[in-house]
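What follows is a single structure, written as structure tokens, with notes after it.
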Amino acid sequence: MDPATTAGPSRRVFLSTAIAAASAGAAAPLIGTALAAPAQAEVRPPDLPPPPTAQRPDAELRALLRQVDPARIRATIEKLVSFGTRHTLSSQDDPNRGIGAARDWLFATLQGYAAASGGRLIVEKQSFIQPPGPRVPTPTQITNVIATLRGASEPDRTYVVTGHYDSRVTDVLNATSDAPGADDDGSGVAVVLELARILSAARQPEATIVMAAVAGEEQGLFGSAFMAAQLKAAGVDVQGMISNDIVGSSTADDGTRYKHLVRLFAEGVPTSETTQQAAIRQAIGGENDGPSRQLARFIREVADNDATGMDVRTIYRRDRYLRSSDHVSFLQQGYPAVRLTEEAENFAHEHQDVRVEDGVQFGDLIEFCDVNYIAGVARVNLATFWSLANSPGTPAGVRIDTTALTNDSTLTWTADTAGDLSGYQVVWRESTQHEWERTVPVGNATEVTLDISKDNVQFGVRALDTKGHHSPAGFPAPG
């Protein structure tokens with residue numbers, strides 16, 4: 001009988017070591033044997049080759065990636081920790097302690113980058129009053145600090161990256177105890193600041209990049225919810241969003257290290273799906289082809305390589321069990337959004353009062369952060385946003401002809417107006433595969449018929465520029 005269904009005491013199986021052994025060529029039983037990971041041993045991913053349709057970073061992007069500075073990342077986290085607590089309900093006006101001091105420092109730091117950008121980077125405080133609720137007992141001001149790098153040729157096409165600068169301890173309403181928030185989420189904010197520093201000094205991108213340190217996440221995603229709603233109300237075309245939340249530690253609770261592996265959470269069925277959209281998806285088997293899954297595929301294609309030094313492990317799930325992050329606010333508005341998180345969390349270092357208990361150090365302290373690892377995550381972000389903002393946008397209006405029963409496939413799409421557009425390619429894969437497997441160049445057409453049955457595979461359409469940069473894929477709707 002399967003040991004998992006045998007009555008008796010529960011058994012903990014350490015799959016990480018078994019997977020590492022299997023990837024090294026050793027035969028490793030996955031069920032029935034407890035395999036303890038050696039302390040501080042690095043575990044490489046089992047098998048995460050670059051996607052078949054990967055886009056190699058060009059010389060310009062490689063030069064930008066080399067500018068990511070672990071020392072600056074450490075300095076950012078140290079400064080955020082120095083405010084004692086950044087709880088959403090903490091002091092708004094103390095110059096040295098509380099969320100207000102953190103807010104003002106972030107604003108000043110980003111303004112410094114803006115001053116050196118020649119006016120291309122615009123920094124603002126986006127404030128609102130959050131009404132009382134379960135985690136906000138009184139009306140509370142919440143402020144997002146937002147830096148916008150406006151696109152040169154397609155400013156209306158927009159991409160968003162966030163980290164949340166608020167922190168907490170065990171009691172979500174405790175606004176006075178020290179809440180260092182080094183990993184959750186000083187690490188994500190440090191990534192955002194590195195992107196703002198590097199991109200504001202680089203060539204102006206074609207599309208707009210919005211880099212934000214949001215607040216109120218621990219109390220209920222309030223800052224990002226307001227930001228996403230404001231963007232939606234203004235009709236902003238957000239074609240991709242990443243939340244960097246808990247990206248600071250390479251070490252799991254058992255001592256295993258994952259120095260080059262980051263998780264990418266991407267939902268399947270869209271959070272904002274309507275009844276009509278659900279009916280179409282169910283008919284064509286589009287559960288694995290929503291906009292967020294296409295964004296995740298793109299991230300793997302441009303950021304899982306030797307230039308970033310990171311392996312990106314896509315998890316086909318909106319988030320971890322019992323958790324959520326600021327990407328959910330954007331999903332609720334119908335925007336493609338994903339989350340980056342370290343491979344294996346140590347929950348003793350998240351949402352905990354700082355204390356030593358039975359010889360174990362609890363608390364989200366900077367000593368548990370790995371700045372070289374955070375630098376790798378920053379490179380994943382930088383490769384992603386630079387590639388998104390300097391490639392054509394996701395093709396719009398992609399449709400597949402279903403007016404007749406045929407064994408071929410006719411796809412159409414709306415012409416892109418980008419000045420450096422060179423053409424399109426159709427991508428396809430077996431329905432059981434996670435990533436695109438084949439590309440078919442089709443030139444500058446907006447219609448193509450392929451002798452491949454639409455009933456057997458999944459298609460997408462990507463736009464290409466004159467430098468060979470490709471967009472995320474647009475998934476066809478039937479019509």
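Identifiers in this document derive from the order of the structure tokens: chains are assigned A, B, ..., residues are numbered from 1 separately in each chain, and ligands are numbered from 1 in order of occurrence.
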
Residues of range 237-469 of chain A in strand (DSSP E or B), written as JSON, numbers by chain:
{"A": [237, 238, 239, 240, 241, 242, 243, 244, 251, 257, 261, 262, 263, 264, 265, 311, 312, 313, 314, 315, 337, 338, 339, 340, 341, 342, 355, 356, 357, 360, 361, 362, 399, 400, 409, 410, 411, 412, 421, 422, 423, 424, 425, 426, 427, 428, 429, 430, 438, 439, 440, 441, 442, 443, 447, 448, 449, 450, 457, 458, 459, 460, 461, 462, 463, 464, 465]}

Residues as selected, C-alpha atoms, written as an mmCIF file, in the first residue's frame, can you do that?
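What follows is the written file selection11.cif:
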```cif
data_model
loop_
_atom_site.group_PDB
_atom_site.id
_atom_site.type_symbol
_atom_site.label_atom_id
_atom_site.label_comp_id
_atom_site.auth_asym_id
_atom_site.auth_seq_id
_atom_site.Cartn_x
_atom_site.Cartn_y
_atom_site.Cartn_z
ATOM 1 C CA ASP A 237 -2.788 50.196 -20.214
ATOM 2 C CA VAL A 238 -0.839 48.130 -17.658
ATOM 3 C CA GLN A 239 0.484 45.159 -19.639
ATOM 4 C CA GLY A 240 2.457 43.575 -16.802
ATOM 5 C CA MET A 241 3.103 43.867 -13.053
ATOM 6 C CA ILE A 242 5.489 42.142 -10.626
ATOM 7 C CA SER A 243 5.245 42.173 -6.835
ATOM 8 C CA ASN A 244 8.589 41.527 -5.139
ATOM 9 C CA THR A 251 18.355 29.817 3.244
ATOM 10 C CA ARG A 257 20.509 27.143 0.528
ATOM 11 C CA LEU A 261 16.538 30.008 -7.471
ATOM 12 C CA VAL A 262 13.510 32.284 -7.182
ATOM 13 C CA ARG A 263 9.837 31.350 -7.336
ATOM 14 C CA LEU A 264 7.461 33.033 -9.754
ATOM 15 C CA PHE A 265 3.770 32.697 -8.855
ATOM 16 C CA ASP A 311 16.861 30.154 -12.287
ATOM 17 C CA VAL A 312 13.219 31.203 -12.316
ATOM 18 C CA ARG A 313 10.862 28.487 -11.070
ATOM 19 C CA THR A 314 7.331 29.173 -12.220
ATOM 20 C CA ILE A 315 4.603 28.030 -9.839
ATOM 21 C CA ALA A 337 0.403 40.322 -12.557
ATOM 22 C CA VAL A 338 2.752 37.854 -10.862
ATOM 23 C CA ARG A 339 4.754 37.529 -7.661
ATOM 24 C CA LEU A 340 8.440 36.796 -7.041
ATOM 25 C CA THR A 341 9.380 35.124 -3.740
ATOM 26 C CA GLU A 342 12.440 33.320 -2.418
ATOM 27 C CA ARG A 355 12.962 37.209 20.482
ATOM 28 C CA VAL A 356 15.056 34.148 21.294
ATOM 29 C CA GLU A 357 12.990 31.122 22.261
ATOM 30 C CA VAL A 360 16.013 29.898 18.262
ATOM 31 C CA GLN A 361 16.204 33.482 17.016
ATOM 32 C CA PHE A 362 12.825 34.767 15.814
ATOM 33 C CA ARG A 399 -8.215 35.553 -32.801
ATOM 34 C CA ILE A 400 -8.337 32.063 -34.253
ATOM 35 C CA SER A 409 -5.420 27.102 -38.187
ATOM 36 C CA THR A 410 -5.981 30.698 -39.268
ATOM 37 C CA LEU A 411 -4.922 33.418 -36.851
ATOM 38 C CA THR A 412 -5.504 37.156 -37.125
ATOM 39 C CA LEU A 421 8.206 46.897 -35.466
ATOM 40 C CA SER A 422 9.746 44.330 -37.819
ATOM 41 C CA GLY A 423 7.000 41.709 -37.861
ATOM 42 C CA TYR A 424 5.403 38.870 -35.938
ATOM 43 C CA GLN A 425 5.878 35.247 -35.118
ATOM 44 C CA VAL A 426 3.387 32.582 -34.190
ATOM 45 C CA VAL A 427 4.397 30.429 -31.235
ATOM 46 C CA TRP A 428 2.862 27.100 -30.380
ATOM 47 C CA ARG A 429 3.213 24.186 -28.013
ATOM 48 C CA GLU A 430 1.601 20.899 -27.216
ATOM 49 C CA ARG A 438 8.126 26.357 -31.632
ATOM 50 C CA THR A 439 8.180 29.686 -33.435
ATOM 51 C CA VAL A 440 6.971 30.422 -36.965
ATOM 52 C CA PRO A 441 8.070 33.783 -38.457
ATOM 53 C CA VAL A 442 5.216 35.328 -40.456
ATOM 54 C CA GLY A 443 6.665 38.713 -41.440
ATOM 55 C CA GLU A 447 -3.187 37.018 -40.771
ATOM 56 C CA VAL A 448 -1.649 33.611 -41.279
ATOM 57 C CA THR A 449 -2.888 30.083 -41.949
ATOM 58 C CA LEU A 450 -0.815 27.172 -40.665
ATOM 59 C CA VAL A 457 -2.011 22.595 -29.830
ATOM 60 C CA GLN A 458 -2.032 26.000 -28.150
ATOM 61 C CA PHE A 459 -1.071 29.064 -30.190
ATOM 62 C CA GLY A 460 0.151 32.554 -29.412
ATOM 63 C CA VAL A 461 1.302 35.575 -31.429
ATOM 64 C CA ARG A 462 4.356 37.684 -30.565
ATOM 65 C CA ALA A 463 5.537 40.977 -32.047
ATOM 66 C CA LEU A 464 9.189 41.571 -32.956
ATOM 67 C CA ASP A 465 11.227 44.756 -33.242
#
```

Contacts of Ala207 in chain A at 9 Å (only C-alpha atoms; same-chain gap of 2+ positions) as a list in words:
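With the cut-off at 9 Å, the set is Leu149, Arg150, Gly151, Ala152, Ser153, Glu154, Pro155, Asp156, Arg157, Thr158, Tyr159, Gln204, Pro205, Ile209, Leu388, Ala389, Asn390, Ser391, Pro392 and Gly393 of chain A.
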
Output C-alpha atoms for every residue in the selection just made, as a compact mmCIF listing (two decimals), in the first residue's frame.
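Result file is again-v9.txt:
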```txt
# COMPACT_ATOMS: atom_id res chain seq x y z
CA LEU A 149 9.95 56.56 -15.90
CA ARG A 150 7.86 57.70 -18.83
CA GLY A 151 8.31 55.92 -22.14
CA ALA A 152 9.81 57.79 -25.07
CA SER A 153 7.71 56.44 -27.95
CA GLU A 154 4.83 54.49 -26.34
CA PRO A 155 4.24 56.22 -22.99
CA ASP A 156 0.70 54.87 -22.64
CA ARG A 157 1.94 51.27 -22.53
CA THR A 158 2.86 50.71 -18.88
CA TYR A 159 4.59 48.16 -16.65
CA GLN A 204 14.85 56.18 -21.89
CA PRO A 205 12.69 53.09 -22.51
CA ILE A 209 7.91 51.79 -16.16
CA LEU A 388 9.17 44.54 -21.71
CA ALA A 389 9.59 48.29 -22.08
CA ASN A 390 11.92 48.08 -25.09
CA SER A 391 10.05 45.38 -26.99
CA PRO A 392 6.73 45.81 -28.78
CA GLY A 393 3.62 45.44 -26.68
```

Please, which residues in range 38-155 of chain A fall within 12 Å of range 344-354 of chain A when counting only C-alpha atoms, and what is the closest atom pair and distance in Å to one decimal for each, ordered by chain then residue number, as a tab-separated table?
```
residue	atom	partner	partner_atom	distance
A:Glu42	CA	A:Ala344	CA	12.0
A:Val43	CA	A:Ala344	CA	10.9
A:Gly84	CA	A:Val354	CA	11.4
A:Thr85	CA	A:Asp353	CA	11.4
A:His87	CA	A:His351	CA	11.2
```

Keeping only N, CA and C atoms, write those residues as a short mmCIF file (atom, residue, chain, number, x, y, z; two decimals), in the first residue's frame.
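Output contents, as saved in again-v8.cif:
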```
data_model
loop_
_atom_site.label_atom_id
_atom_site.label_comp_id
_atom_site.auth_asym_id
_atom_site.auth_seq_id
_atom_site.Cartn_x
_atom_site.Cartn_y
_atom_site.Cartn_z
N GLU A 42 24.05 23.94 -0.63
CA GLU A 42 23.30 24.61 -1.70
C GLU A 42 22.61 23.56 -2.55
N VAL A 43 21.34 23.78 -2.82
CA VAL A 43 20.56 22.90 -3.66
C VAL A 43 20.33 23.60 -4.99
N GLY A 84 12.95 51.17 13.09
CA GLY A 84 12.36 50.46 14.21
C GLY A 84 11.16 49.64 13.82
N THR A 85 10.09 50.31 13.49
CA THR A 85 8.91 49.66 12.93
C THR A 85 8.42 50.49 11.76
N HIS A 87 5.21 49.70 10.70
CA HIS A 87 3.82 49.27 10.75
C HIS A 87 2.92 50.37 10.19
#
```

Ranking A:Trp413, A:Phe330, A:Phe368, A:Phe226 by minimum distance to Val247 in chain A and counting only C-alpha atoms, which one comes first?
A:Phe368

Give me the residues within 9 Å of range 97-113 of chain A as a PyMOL selection string, counting only C-alpha atoms and dropping any in the same chain fewer than 6 places off.
chain A and resi 79-80+82-91+121-125+143-147+165-167+175-176+193+196-198+200-201+213+215

Any idea what's packed within 8 Å of Arg56 in chain A, counting only C-alpha atoms, ignoring anything in its chain fewer than 2 positions away? Could you give it as a CSV table (one decimal) with all heavy atoms, in the first residue's frame?
```
chain,number,residue,atom,x,y,z
A,54,ALA,N,13.7,31.1,-25.7
A,54,ALA,CA,14.3,32.2,-24.9
A,54,ALA,C,14.9,33.3,-25.7
A,54,ALA,O,15.3,33.1,-26.9
A,54,ALA,CB,15.4,31.6,-24.0
A,58,ASP,N,20.9,41.2,-24.8
A,58,ASP,CA,21.9,41.9,-25.7
A,58,ASP,C,23.0,42.6,-24.8
A,58,ASP,O,22.9,42.6,-23.6
A,58,ASP,CB,21.2,42.8,-26.7
A,58,ASP,CG,20.4,43.9,-26.0
A,58,ASP,OD1,20.7,44.2,-24.8
A,58,ASP,OD2,19.5,44.4,-26.6
A,302,VAL,N,13.3,35.8,-20.8
A,302,VAL,CA,14.3,36.9,-20.8
A,302,VAL,C,15.1,37.0,-19.6
A,302,VAL,O,16.2,37.7,-19.6
A,302,VAL,CB,13.6,38.3,-21.0
A,302,VAL,CG1,12.8,38.3,-22.3
A,302,VAL,CG2,12.7,38.7,-19.8
A,305,ASN,N,18.8,33.1,-17.2
A,305,ASN,CA,20.0,33.0,-18.0
A,305,ASN,C,21.3,33.3,-17.3
A,305,ASN,O,21.2,33.7,-16.1
A,305,ASN,CB,19.9,33.9,-19.3
A,305,ASN,CG,19.5,35.3,-19.0
A,305,ASN,OD1,20.2,35.9,-18.1
A,305,ASN,ND2,18.5,35.8,-19.6
```

Could you please determine the separation between CA of Asp364 in chain A and CA of Gln126 in chain A in Å, to one decimal place?
27.0 Å

Got a sec: who's within 6 Å of Glu267 in chain A, counting only C-alpha atoms, leaving out chain neighbours fewer than 6 positions off, as a PyMOL selection string?
chain A and resi 316-318

How would the residues just picked look written out with N, CA, C and O atoms as a PDB file, in the first residue's frame?
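Contents of result37.pdb, as written:
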```
ATOM      1  N   TYR A 316       2.505  27.459 -10.927  1.00  0.00           N
ATOM      2  CA  TYR A 316       1.208  27.765 -11.523  1.00  0.00           C
ATOM      3  C   TYR A 316       0.145  27.833 -10.435  1.00  0.00           C
ATOM      4  O   TYR A 316      -0.688  26.953 -10.256  1.00  0.00           O
ATOM      5  N   ARG A 317       0.200  28.940  -9.725  1.00  0.00           N
ATOM      6  CA  ARG A 317      -0.713  29.201  -8.615  1.00  0.00           C
ATOM      7  C   ARG A 317      -0.666  30.710  -8.357  1.00  0.00           C
ATOM      8  O   ARG A 317       0.367  31.347  -8.545  1.00  0.00           O
ATOM      9  N   ARG A 318      -1.765  31.294  -7.921  1.00  0.00           N
ATOM     10  CA  ARG A 318      -1.770  32.751  -7.695  1.00  0.00           C
ATOM     11  C   ARG A 318      -0.798  33.155  -6.610  1.00  0.00           C
ATOM     12  O   ARG A 318      -0.128  34.194  -6.693  1.00  0.00           O
TER      13      ARG A 318
END
```

Measuring atom to atom with only C-alpha atoms, identify which of A:Leu199, A:Ala233, A:Ala283, A:Ala63 is nearest to Ala477 in chain A.
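So, comparing all the options, the nearest one is A:Ala283.
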